[in-house]
Every structure is written in C-alpha cells, then in structure tokens.
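Visitor: Provided herewith: input16.csv, CSV, C-alpha atoms and all ligand atoms.
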chain,number,residue,atom,x,y,z
L,1,MET,CA,19.1,21.2,11.7
L,2,ARG,CA,21.7,22.1,14.2
L,3,ASN,CA,22.3,19.0,16.3
L,4,GLY,CA,21.3,15.4,17.2
L,5,GLU,CA,18.3,16.6,19.2
L,6,ASP,CA,17.0,18.6,16.2
L,7,PHE,CA,17.5,15.6,14.0
L,8,ARG,CA,15.7,13.3,16.3
L,9,ALA,CA,12.8,15.7,16.7
L,10,HIS,CA,12.6,16.0,12.9
L,11,VAL,CA,12.7,12.2,12.4
L,12,HIS,CA,9.9,11.8,15.0
L,13,TRP,CA,7.8,14.4,13.2
L,14,CYS,CA,8.2,12.7,9.8
L,15,TRP,CA,7.4,9.2,11.2
L,16,TRP,CA,4.1,10.4,12.5
L,17,TRP,CA,3.2,12.3,9.3
L,18,PRO,CA,0.9,9.4,8.0
L,19,LEU,CA,-1.4,10.5,10.9
L,20,ARG,CA,-1.7,13.9,9.3
L,21,ASP,CA,-2.3,15.2,5.8
L,22,ALA,CA,1.3,16.1,5.0
L,23,ARG,CA,0.9,16.3,1.2
L,24,GLY,CA,2.8,19.3,0.1
L,25,ASP,CA,4.0,20.0,3.6
L,26,SER,CA,7.4,21.6,3.2
L,27,ARG,CA,8.6,20.5,6.6
L,28,LEU,CA,9.2,17.0,5.2
L,29,ILE,CA,12.3,18.1,3.3
L,30,THR,CA,13.1,21.6,4.7
L,31,PRO,CA,15.9,20.4,6.9
L,32,LEU,CA,17.8,19.1,3.9
L,33,ARG,CA,17.5,22.4,2.0
L,34,GLY,CA,20.9,23.9,1.4
L,35,PHE,CA,22.3,20.5,0.8
L,36,ASP,CA,25.6,20.7,-1.2
L,37,PHE,CA,24.8,19.0,-4.4
L,38,SER,CA,28.4,19.3,-5.7
L,39,VAL,CA,29.2,16.1,-3.7
L,40,VAL,CA,26.6,14.2,-5.7
L,41,GLN,CA,27.5,16.0,-9.0
L,42,SER,CA,31.2,14.9,-8.6
L,43,LEU,CA,30.0,11.3,-8.8
L,44,ALA,CA,29.7,11.9,-12.6
L,45,VAL,CA,33.5,12.3,-12.8
L,46,HIS,CA,34.9,10.4,-9.8
L,47,PRO,CA,32.6,7.6,-8.3
L,48,LYS,CA,34.9,7.8,-5.2
L,49,GLY,CA,34.3,4.1,-4.3
L,50,LEU,CA,30.6,4.6,-4.7
L,51,ASP,CA,30.7,2.4,-7.8
L,52,PHE,CA,27.0,1.6,-8.0
L,53,PRO,CA,25.7,0.8,-11.5
L,54,ARG,CA,23.9,4.2,-11.7
L,55,SER,CA,26.2,6.4,-9.7
L,56,LYS,CA,27.6,8.2,-12.8
L,57,GLU,CA,24.1,8.8,-14.1
L,58,VAL,CA,22.9,10.2,-10.8
L,59,GLY,CA,26.0,12.5,-10.7
L,60,CYS,CA,25.1,13.8,-14.2
L,61,GLN,CA,21.5,14.5,-13.3
L,62,ALA,CA,22.2,16.1,-10.0
L,63,SER,CA,22.3,19.6,-11.5
L,64,ARG,CA,18.7,19.4,-12.7
L,65,GLN,CA,16.2,20.8,-10.3
L,66,GLU,CA,13.7,17.9,-10.7
L,67,SER,CA,16.4,15.4,-10.0
L,68,GLN,CA,17.5,17.3,-7.0
L,69,ALA,CA,14.1,17.0,-5.4
L,70,GLU,CA,14.2,13.3,-6.1
L,71,ILE,CA,17.7,12.9,-4.6
L,72,LEU,CA,16.7,14.9,-1.5
L,73,GLY,CA,13.6,12.7,-1.2
L,74,PHE,CA,15.8,9.6,-1.3
L,75,PHE,CA,18.2,11.0,1.3
L,76,GLN,CA,15.2,11.8,3.5
L,77,LEU,CA,14.0,8.2,3.1
L,78,LEU,CA,17.4,6.8,4.0
L,79,LEU,CA,17.6,9.1,7.1
L,80,LEU,CA,14.2,8.1,8.3
L,81,ALA,CA,14.2,4.5,7.4
L,82,GLY,CA,17.7,4.0,8.8
L,83,SER,CA,17.5,5.7,12.2
L,84,GLU,CA,14.2,5.3,14.1
L,85,THR,CA,13.9,1.6,13.0
L,86,THR,CA,17.2,0.4,14.4
L,87,SER,CA,17.1,2.4,17.6
L,88,ASN,CA,13.7,0.9,18.3
L,89,LEU,CA,15.0,-2.6,17.5
L,90,LEU,CA,17.6,-2.1,20.3
L,91,SER,CA,15.1,-0.7,22.8
L,92,ASN,CA,12.7,-3.6,21.9
L,93,ALA,CA,15.5,-6.1,22.4
L,94,ILE,CA,16.2,-4.7,25.9
L,95,ILE,CA,12.5,-4.8,26.9
L,96,SER,CA,12.2,-8.4,25.6
L,97,LEU,CA,15.3,-9.5,27.6
L,98,CYS,CA,14.1,-7.7,30.7
L,99,GLU,CA,10.8,-9.5,30.5
L,100,ASN,CA,12.4,-12.9,29.8
L,101,ALA,CA,15.2,-13.4,32.4
L,102,GLY,CA,15.7,-17.0,31.2
L,103,ALA,CA,16.3,-15.8,27.6
L,104,PHE,CA,18.8,-13.2,28.9
L,105,ALA,CA,20.7,-15.9,30.9
L,106,SER,CA,20.9,-18.2,27.9
L,107,LEU,CA,22.1,-15.4,25.7
L,108,ARG,CA,24.8,-14.5,28.2
L,109,GLN,CA,25.9,-18.2,28.2
L,110,SER,CA,26.1,-18.6,24.4
L,111,PRO,CA,26.3,-15.1,22.9
L,112,GLN,CA,28.0,-16.1,19.6
L,113,THR,CA,25.3,-18.6,18.8
L,114,LEU,CA,22.3,-16.7,20.1
L,115,ILE,CA,22.9,-13.1,19.2
L,116,PRO,CA,21.8,-13.6,15.6
L,117,SER,CA,18.6,-15.5,16.6
L,118,THR,CA,17.9,-12.9,19.3
L,119,ILE,CA,17.9,-10.1,16.7
L,120,GLU,CA,15.6,-12.2,14.5
L,121,GLU,CA,13.2,-13.0,17.4
L,122,VAL,CA,13.0,-9.3,18.5
L,123,LEU,CA,12.3,-8.4,14.9
L,124,ARG,CA,9.4,-10.9,14.9
L,125,TYR,CA,8.1,-10.5,18.5
L,126,ARG,CA,8.4,-6.7,18.7
L,127,SER,CA,8.6,-5.6,15.1
L,128,PRO,CA,9.9,-2.1,14.9
L,129,VAL,CA,7.8,-1.3,11.8
L,130,GLN,CA,4.3,-2.5,12.6
L,131,TRP,CA,2.5,-1.6,9.4
L,132,MET,CA,3.0,-0.3,5.9
L,133,PHE,CA,0.3,1.0,3.6
L,134,ARG,CA,-0.4,0.4,0.0
L,135,LEU,CA,-2.9,1.7,-2.5
L,136,SER,CA,-4.7,-1.0,-4.6
L,137,ARG,CA,-4.4,-0.3,-8.3
L,138,GLU,CA,-7.3,-2.5,-9.1
L,139,ALA,CA,-9.9,-4.6,-7.3
L,140,VAL,CA,-8.3,-7.7,-5.7
L,141,GLU,CA,-9.7,-10.8,-4.1
L,142,LEU,CA,-7.7,-11.8,-1.0
L,143,SER,CA,-8.7,-14.6,1.5
L,144,GLY,CA,-12.4,-14.3,0.5
L,145,GLN,CA,-12.4,-10.5,0.8
L,146,THR,CA,-12.6,-8.0,-2.1
L,147,ILE,CA,-10.3,-5.0,-1.8
L,148,PRO,CA,-11.7,-2.3,-4.1
L,149,ALA,CA,-9.6,-0.4,-6.6
L,150,ARG,CA,-7.8,2.7,-5.1
L,151,ALA,CA,-8.3,1.6,-1.5
L,152,VAL,CA,-5.7,2.3,1.2
L,153,VAL,CA,-4.6,-1.0,2.6
L,154,LEU,CA,-2.7,-1.4,5.9
L,155,ALA,CA,-0.5,-4.4,5.9
L,156,MET,CA,-0.1,-5.3,9.5
L,157,ILE,CA,3.5,-6.6,9.8
L,158,GLY,CA,3.3,-7.0,13.6
L,159,SER,CA,0.2,-9.1,13.3
L,160,ALA,CA,1.6,-11.3,10.5
L,161,ASN,CA,4.7,-11.9,12.7
L,162,ARG,CA,2.4,-13.5,15.4
L,163,ASP,CA,0.3,-15.5,13.0
L,164,PRO,CA,-0.2,-19.0,14.6
L,165,ARG,CA,-0.4,-20.5,11.1
L,166,GLN,CA,3.2,-19.5,10.6
L,167,PHE,CA,4.7,-19.6,14.1
L,168,ALA,CA,4.4,-22.2,16.9
L,169,ASN,CA,3.6,-20.4,20.2
L,170,PRO,CA,3.7,-17.0,18.5
L,171,GLU,CA,3.2,-15.1,21.8
L,172,GLN,CA,6.4,-16.7,23.2
L,173,PHE,CA,9.7,-14.9,23.0
L,174,ASP,CA,11.9,-17.8,21.9
L,175,LEU,CA,15.6,-17.4,21.1
L,176,SER,CA,15.7,-20.9,19.6
L,177,ARG,CA,13.0,-20.3,17.0
L,178,ASP,CA,14.2,-21.9,13.8
L,179,PRO,CA,13.1,-21.2,11.1
L,180,ASN,CA,11.9,-17.7,11.9
L,181,PRO,CA,10.2,-16.5,8.6
L,182,HIS,CA,9.2,-13.1,10.0
L,183,ILE,CA,8.4,-10.2,7.6
L,184,ALA,CA,9.8,-7.4,9.8
L,185,PHE,CA,11.7,-6.0,6.8
L,186,GLY,CA,8.7,-6.2,4.5
L,187,HIS,CA,8.3,-8.5,1.5
L,188,GLY,CA,8.7,-8.3,-2.3
L,189,ALA,CA,9.7,-5.3,-4.4
L,190,HIS,CA,10.1,-2.9,-1.5
L,191,PHE,CA,11.9,-5.3,0.8
L,192,CYS,CA,14.1,-3.2,3.2
L,193,LEU,CA,17.2,-1.9,1.5
L,194,GLY,CA,19.0,-1.7,4.8
L,195,SER,CA,18.2,-5.1,6.3
L,196,ALA,CA,21.9,-6.3,6.3
L,197,LEU,CA,23.0,-3.0,7.9
L,198,ALA,CA,20.3,-3.2,10.5
L,199,ARG,CA,21.2,-6.8,11.4
L,200,LEU,CA,24.9,-5.8,11.6
L,201,GLU,CA,24.1,-2.8,13.9
L,202,GLY,CA,21.9,-5.0,16.0
L,203,ARG,CA,24.6,-7.6,16.4
L,204,THR,CA,27.3,-5.1,17.2
L,205,ALA,CA,25.1,-3.3,19.8
L,206,MET,CA,24.1,-6.6,21.4
L,207,GLU,CA,27.7,-7.8,21.6
L,208,GLU,CA,28.7,-4.5,23.4
L,209,PHE,CA,25.6,-4.7,25.6
L,210,LEU,CA,26.5,-8.2,26.8
L,211,ARG,CA,30.2,-7.3,27.3
L,212,SER,CA,29.2,-4.5,29.7
L,213,THR,CA,26.1,-5.9,31.4
L,214,ASP,CA,25.6,-8.9,33.8
L,215,ARG,CA,22.1,-8.0,35.0
L,216,VAL,CA,19.5,-5.8,33.5
L,217,GLU,CA,16.0,-4.8,34.6
L,218,LEU,CA,13.5,-2.0,33.9
L,219,ALA,CA,14.1,0.8,36.4
L,220,SER,CA,10.4,1.8,36.7
L,221,GLU,CA,7.4,-0.1,38.0
L,222,LEU,CA,5.2,2.0,35.7
L,223,PRO,CA,4.5,0.5,32.2
L,224,TRP,CA,6.6,2.1,29.5
L,225,THR,CA,4.9,4.4,27.1
L,226,PRO,CA,4.8,3.3,23.4
L,227,ASN,CA,5.6,5.7,20.6
L,228,PRO,CA,2.5,7.5,19.3
L,229,GLY,CA,0.8,6.3,16.2
L,230,LEU,CA,1.8,2.6,16.6
L,231,HIS,CA,3.7,2.8,13.3
L,232,VAL,CA,7.2,2.5,14.7
L,233,HIS,CA,6.8,0.2,17.7
L,234,GLY,CA,9.0,0.9,20.7
L,235,PRO,CA,9.1,3.0,23.9
L,236,THR,CA,9.3,6.8,24.1
L,237,SER,CA,11.9,6.3,26.8
L,238,LEU,CA,13.2,3.3,28.7
L,239,PRO,CA,14.9,3.8,32.1
L,240,ILE,CA,16.8,0.6,32.9
L,241,ARG,CA,19.0,-0.5,35.8
L,242,PHE,CA,22.0,-2.6,34.9
L,243,THR,CA,25.0,-4.0,36.7
L,244,HIS,CA,28.5,-5.1,35.6
L,245,GLU,CA,30.8,-7.2,37.8
L,246,ILE,CA,34.4,-6.5,36.8
L,301,LIG,C1,15.4,-2.8,12.3
L,301,LIG,C2,15.6,-2.0,11.3
L,301,LIG,C3,14.7,-1.9,10.1
L,301,LIG,C4,13.4,-2.3,9.9
L,301,LIG,C5,12.5,-3.1,10.9
L,301,LIG,C6,13.1,-1.9,8.6
L,301,LIG,C7,11.8,-2.2,8.0
L,301,LIG,C8,11.5,-1.9,6.7
L,301,LIG,C9,10.3,-2.3,6.1
L,301,LIG,C10,9.2,-3.0,6.7
L,301,LIG,C11,10.4,-1.8,4.8
L,301,LIG,C12,9.3,-2.1,3.7
L,301,LIG,C13,8.6,-0.8,3.4
L,301,LIG,C14,7.4,-1.1,2.4
L,301,LIG,O1,7.1,-2.3,2.1
L,301,LIG,O2,6.9,-0.1,1.9
L,301,LIG,C15,11.6,-1.1,4.6
L,301,LIG,C16,12.0,-0.4,3.5
L,301,LIG,C17,13.2,0.3,3.4
L,301,LIG,N1,14.2,0.4,4.3
L,301,LIG,FE1,14.2,-0.5,6.1
L,301,LIG,N2,14.1,-1.2,8.0
L,301,LIG,C18,15.1,-1.2,8.9
L,301,LIG,C19,16.4,-0.6,8.8
L,301,LIG,C20,16.8,0.1,7.7
L,301,LIG,C21,18.1,0.8,7.5
L,301,LIG,C22,19.2,0.7,8.5
L,301,LIG,C23,18.0,1.4,6.3
L,301,LIG,C24,19.1,2.2,5.6
L,301,LIG,C25,20.1,2.9,6.1
L,301,LIG,C26,16.8,1.1,5.7
L,301,LIG,C27,16.4,1.6,4.4
L,301,LIG,C28,15.2,1.2,3.8
L,301,LIG,C29,14.8,1.7,2.5
L,301,LIG,C30,15.6,2.7,1.6
L,301,LIG,C31,13.5,1.1,2.2
L,301,LIG,C32,12.7,1.3,1.0
L,301,LIG,C33,12.9,0.2,0.0
L,301,LIG,C34,12.0,0.3,-1.2
L,301,LIG,O3,11.0,1.0,-1.1
L,301,LIG,O4,12.4,-0.2,-2.2
L,301,LIG,N3,16.0,0.4,6.6
L,301,LIG,N4,12.3,-1.2,5.8
When written as structure tokens, how does the structure in this file appear?
Guide:
Amino acid sequence: MRNGEDFRAHVHWCWWWPLRDARGDSRLITPLRGFDFSVVQSLAVHPKGLDFPRSKEVGCQASRQESQAEILGFFQLLLLAGSETTSNLLSNAIISLCENAGAFASLRQSPQTLIPSTIEEVLRYRSPVQWMFRLSREAVELSGQTIPARAVVLAMIGSANRDPRQFANPEQFDLSRDPNPHIAFGHGAHFCLGSALARLEGRTAMEEFLRSTDRVELASELPWTPNPGLHVHGPTSLPIRFTHEI
C-alpha cells in the first residue's frame, strides 16, 4: 500500500469480503506482506512499554512462519476493526444530528454532559456494525426456534438495538436515553477490544466538531447512499454545509 487512498480501498475491499467467497484469497493479507517482523521480535528482549502479559512470548514466536501468519492476521483485524467502524460512527453522528435539529441545539448547549450520551445513542440508533455471523457448533433452541448444528447465524446488532422490549421509543434519536444497553460493540467473549478507544475517538471528534460548527445541514437534497453490503452501516460520502460564527 502506498498511501491513505490505497489503505481505504483495501479496507473497503476487506469489509465486503463476507459477500464473496474469500477463503484462501491472498488479497486479504497481501498489503501487509513485507512487514518488518524484527519490531515484533524485539519484544522478546525489550517490551518497550508494550508490557502486555504475553508480549515477550509473542516476540519469541515472531520468527516462526506459522506465528507470523497469525500475527499478520491480527494486525489485519486491528486495521479493519479500528478504522471503518469509527469513521462510520462519526458520519452517522453527523447524519443523526442533521436530521434532529433539536438534539443538535441541546448538544451545543451542554456539550460536556451530552457528548458521551450522544456517542452512545449514535452507536444504538445507527450502529456502525449491523451484524456479525457465527457458526453453530451444535443444535440450539432459541426463542422457540431450532438452529441446526453448523448453521451460519447472522446476529442482527442493528435490529437488537431497536428492540422495543429493550428500548422505549426505539425509533427516536434521544440524547437523554438512560440507561442505553445497546450491543453495538457486540457481547460476550468477542466483545470489541477497541470500545474504549472508539468512545475516546468519538468524544474527541465531537468536541472538535462542536468547537468549529454552529450550524450543520446536509448539502444535498438527494438521499445519501449507504455502504454496500449493509455490514458496516454509514454513507459512502456525506456532503454537508456548516457555518461557524467567530
Ligand atoms: C465505533 C467503533 C467500533 C464498533 C461499532 C465496533 C464493533 C465491534 C463489534 C460488534 C465486535 C464484535 C465482533 C464479534 O462478535 O464477532 C468487535 C470486535 C472487535 N473490535 Fe471493534 N468496534 C469498533 C472499534 C474498534 C476499534 C477502534 C478497534 C481497535 C483499534 C477495534 C478492535 C476490535 C477487535 C480486535 C475485535 C475482535 C475481538 C475478539 O474477537 O475478541 N474495534 N467490534
């Protein structure tokens, strides 16, 4: 990869791979080939502040070819999971605020109180990750339905986050929602590793946005086009018009 554009194109390609049969497709990790493993290997001797419980062990294993594939796979996961998700969180926040002028006015009045709940409500209302899939190991009974063994199950996060049994007025974008038990970061063993970072990025971007924006609206009358595949929810592009009175 040569630049940010290449990176973005690659990330897009990878996010849509569940729509294709990408097993064994070398494009998944090709851009990371040529990665300098000496950086990881040096963890065996100097953890360099990366003092995770297993950093020494990872450093020791980084010379083995099988471990290198695993390490690249993990870096790939981090790059994908950490970039497209948060950028869509921000776009989705702007869309939600453009569509709800009252919410934007309240947020401008009490940013310190409302920024955290705005991020949580965007995560619920326009969940950046709409679904995840699982493979059932054995037959399971769930809400009166039998899921057979080895079935692919789509867990619809976006739908769960608008479940009227969990949320009052689920179709309403409500900055004062409390509690807000959304599952935008998943649930259980695979709960998002980067949730704290994503919330921090969201908060920082929102603070900066409010500092530099008094009014904001969508710049086009045409409806925005969603990302293909409906996996990562957000717009393909979002022209906006904003003003700032100095
Ligand atoms: C708004 C931003 C984000 C959203 C909505 C989000 C959402 C999710 C979801 C739903 C899962 C669960 C996947 C599953 O159950 O299979 C997940 C897992 C994960 N996320 Fe995030 N994520 C976000 C940001 C990040 C960031 C910033 C990073 C790291 C830099 C990250 C790293 C990961 C990793 C490594 C996993 C896999 C955890 C595991 O399988 O144990 N995510 N994320």
Visitor: Skip range 40-45 of chain L itself and residues of its chain fewer than 2 positions away, then list as a list in words all residues within 6 Å of it, counting all atoms listed in the file.
Guide: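 Listing them by chain and then by number gives Phe37, Ser38, Pro47, Lys56, Gly59, Cys60 and Ala62 of chain L.
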Visitor: Which of these residues is nearest to ligand LIG 301 (chain L), using all atoms listed in the file: L:Val153, L:Leu72, L:Ala189, L:Val39?
Guide: L:Ala189
Visitor: Which residue out of L:Tyr125, L:Phe242, L:Phe185, L:Phe167 has the minimum interatomic distance to ligand LIG 301 (chain L) when all atoms listed in the file are used?
Guide: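 Between L:Tyr125, L:Phe242, L:Phe185, L:Phe167, the residue approaching ligand LIG 301 (chain L) most closely is L:Phe185.
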Visitor: Under the rule of at most 7 Å, produce a per-residue listing of chain L near ligand LIG 301 (chain L): chain, number, name, the closest pair of atoms, and the distance in Å, as a tab-separated table, using all atoms listed in the file.
Guide:
residue	atom	partner	partner_atom	distance
L:Leu77	CA	L:LIG301	C30	5.9
L:Leu78	CA	L:LIG301	C30	5.1
L:Leu79	CA	L:LIG301	C25	6.8
L:Ala81	CA	L:LIG301	N3	4.5
L:Gly82	CA	L:LIG301	C21	3.5
L:Ser83	CA	L:LIG301	C22	6.4
L:Thr85	CA	L:LIG301	C2	4.3
L:Thr86	CA	L:LIG301	C1	4.2
L:Leu89	CA	L:LIG301	C1	5.2
L:Leu123	CA	L:LIG301	C5	6.6
L:Ser127	CA	L:LIG301	C5	6.3
L:Pro128	CA	L:LIG301	C5	4.9
L:Val129	CA	L:LIG301	C5	5.1
L:Met132	CA	L:LIG301	O2	5.6
L:Phe133	CA	L:LIG301	O2	6.9
L:Ala184	CA	L:LIG301	C5	5.2
L:Phe185	CA	L:LIG301	C10	3.9
L:Gly186	CA	L:LIG301	C10	3.9
L:His187	CA	L:LIG301	O1	6.3
L:Ala189	CA	L:LIG301	O4	6.2
L:His190	CA	L:LIG301	O4	3.6
L:Phe191	CA	L:LIG301	C12	5.0
L:Cys192	CA	L:LIG301	C16	3.5
L:Leu193	CA	L:LIG301	C28	4.3
L:Gly194	CA	L:LIG301	C23	3.6
L:Ser195	CA	L:LIG301	C19	5.5
L:Leu197	CA	L:LIG301	C22	5.3
L:Ala198	CA	L:LIG301	C22	4.5
Visitor: Given the choices L:Gly102, L:Pro179, L:Gly73, L:Gly34, which gets closest to Arg215 in chain L if the distance is worked out from only C-alpha atoms?
Guide: L:Gly102
Visitor: Which residues, written as a ChimeraX atom specification, have at least one atom at most 9 Å from Leu135 in chain L, with all atoms listed in the file counted and residues fewer than 2 positions away on the same chain left out?
Guide: /L:133,137-138,149-154
Visitor: Under the rule that all atoms listed in the file are counted, which of L:Asn161, L:Gln109, L:Ser117, L:Ser237 is the nearest residue to Gly202 in chain L?
Guide: L:Ser117
Visitor: Do you know which residues are at most 10 Å from Ala160 in chain L counting only C-alpha atoms, after dropping those on the same chain fewer than 4 positions away, and could you put them as a list in words?
Guide: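 In the requested format, the answer is Arg124, Gln130, Trp131, Ala155, Met156, Pro164, Arg165, Gln166, Phe167, His182, Ile183 and Ala184 of chain L.
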Visitor: Quick one: axis-aligned box around all listed atoms of range 42-45 of chain L, 3 Å on every side, centre and edge lengths in Å to one decimal, written as JSON.
Guide:
{"center_x": 31.6, "center_y": 13.1, "center_z": -10.7, "size_x": 9.8, "size_y": 9.6, "size_z": 10.2}
Visitor: At what distance in Å, to one decimal, does CA of His231 in chain L lie from CA of Phe74 in chain L?
Guide: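 Separating CA of Phe74 in chain L from CA of His231 in chain L is a distance of 20.1 Å.
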Visitor: At what distance in Å, to one decimal, does CA of Phe173 in chain L lie from CA of Leu97 in chain L?
Guide: 9.0 Å
Visitor: Would you work out the distance separating CA of Asn169 in chain L from CA of Asn227 in chain L, expressed in Å to one decimal?
Guide: 26.2 Å
Visitor: Please build the interface table for range 70-111 of chain L against range 217-222 of chain L with a cut-off of 9 Å, listing for each qualifying residue the nearest atom pair and the distance in Å to one decimal; count only C-alpha atoms, order rows by chain and increasing number, and write it as JSON lines.
Guide:
{"residue": "L:Ile94", "atom": "CA", "partner": "L:Glu217", "partner_atom": "CA", "distance": 8.7}
{"residue": "L:Ile95", "atom": "CA", "partner": "L:Leu218", "partner_atom": "CA", "distance": 7.6}
{"residue": "L:Leu97", "atom": "CA", "partner": "L:Glu217", "partner_atom": "CA", "distance": 8.5}
{"residue": "L:Cys98", "atom": "CA", "partner": "L:Glu217", "partner_atom": "CA", "distance": 5.2}
{"residue": "L:Glu99", "atom": "CA", "partner": "L:Glu217", "partner_atom": "CA", "distance": 8.1}
{"residue": "L:Ala101", "atom": "CA", "partner": "L:Glu217", "partner_atom": "CA", "distance": 8.9}
Visitor: Here is a test: counting all atoms listed in the file, which residue of L:His233, L:Arg177, L:Arg64, L:Arg108 is nearest to Ile157 in chain L?
Guide: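 That would be L:His233, the residue with the smallest distance to Ile157 in chain L.
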Visitor: Could you name the residues that touch Phe209 in chain L at 12 Å or less, counting all atoms listed in the file, but leaving out those on the same chain fewer than 4 positions away, as a list of chain:residue names?
Guide: L:Leu90, L:Ser91, L:Ala93, L:Ile94, L:Leu97, L:Phe104, L:Leu107, L:Arg108, L:Pro111, L:Ile115, L:Glu201, L:Gly202, L:Arg203, L:Thr204, L:Ala205, L:Thr213, L:Asp214, L:Arg215, L:Val216, L:Phe242, L:Thr243, L:His244
Visitor: I'd like to know which of L:Leu230, L:Val11, L:Ala168, L:Leu238 is closest to Gln76 in chain L, using all atoms listed in the file.
Guide: L:Val11
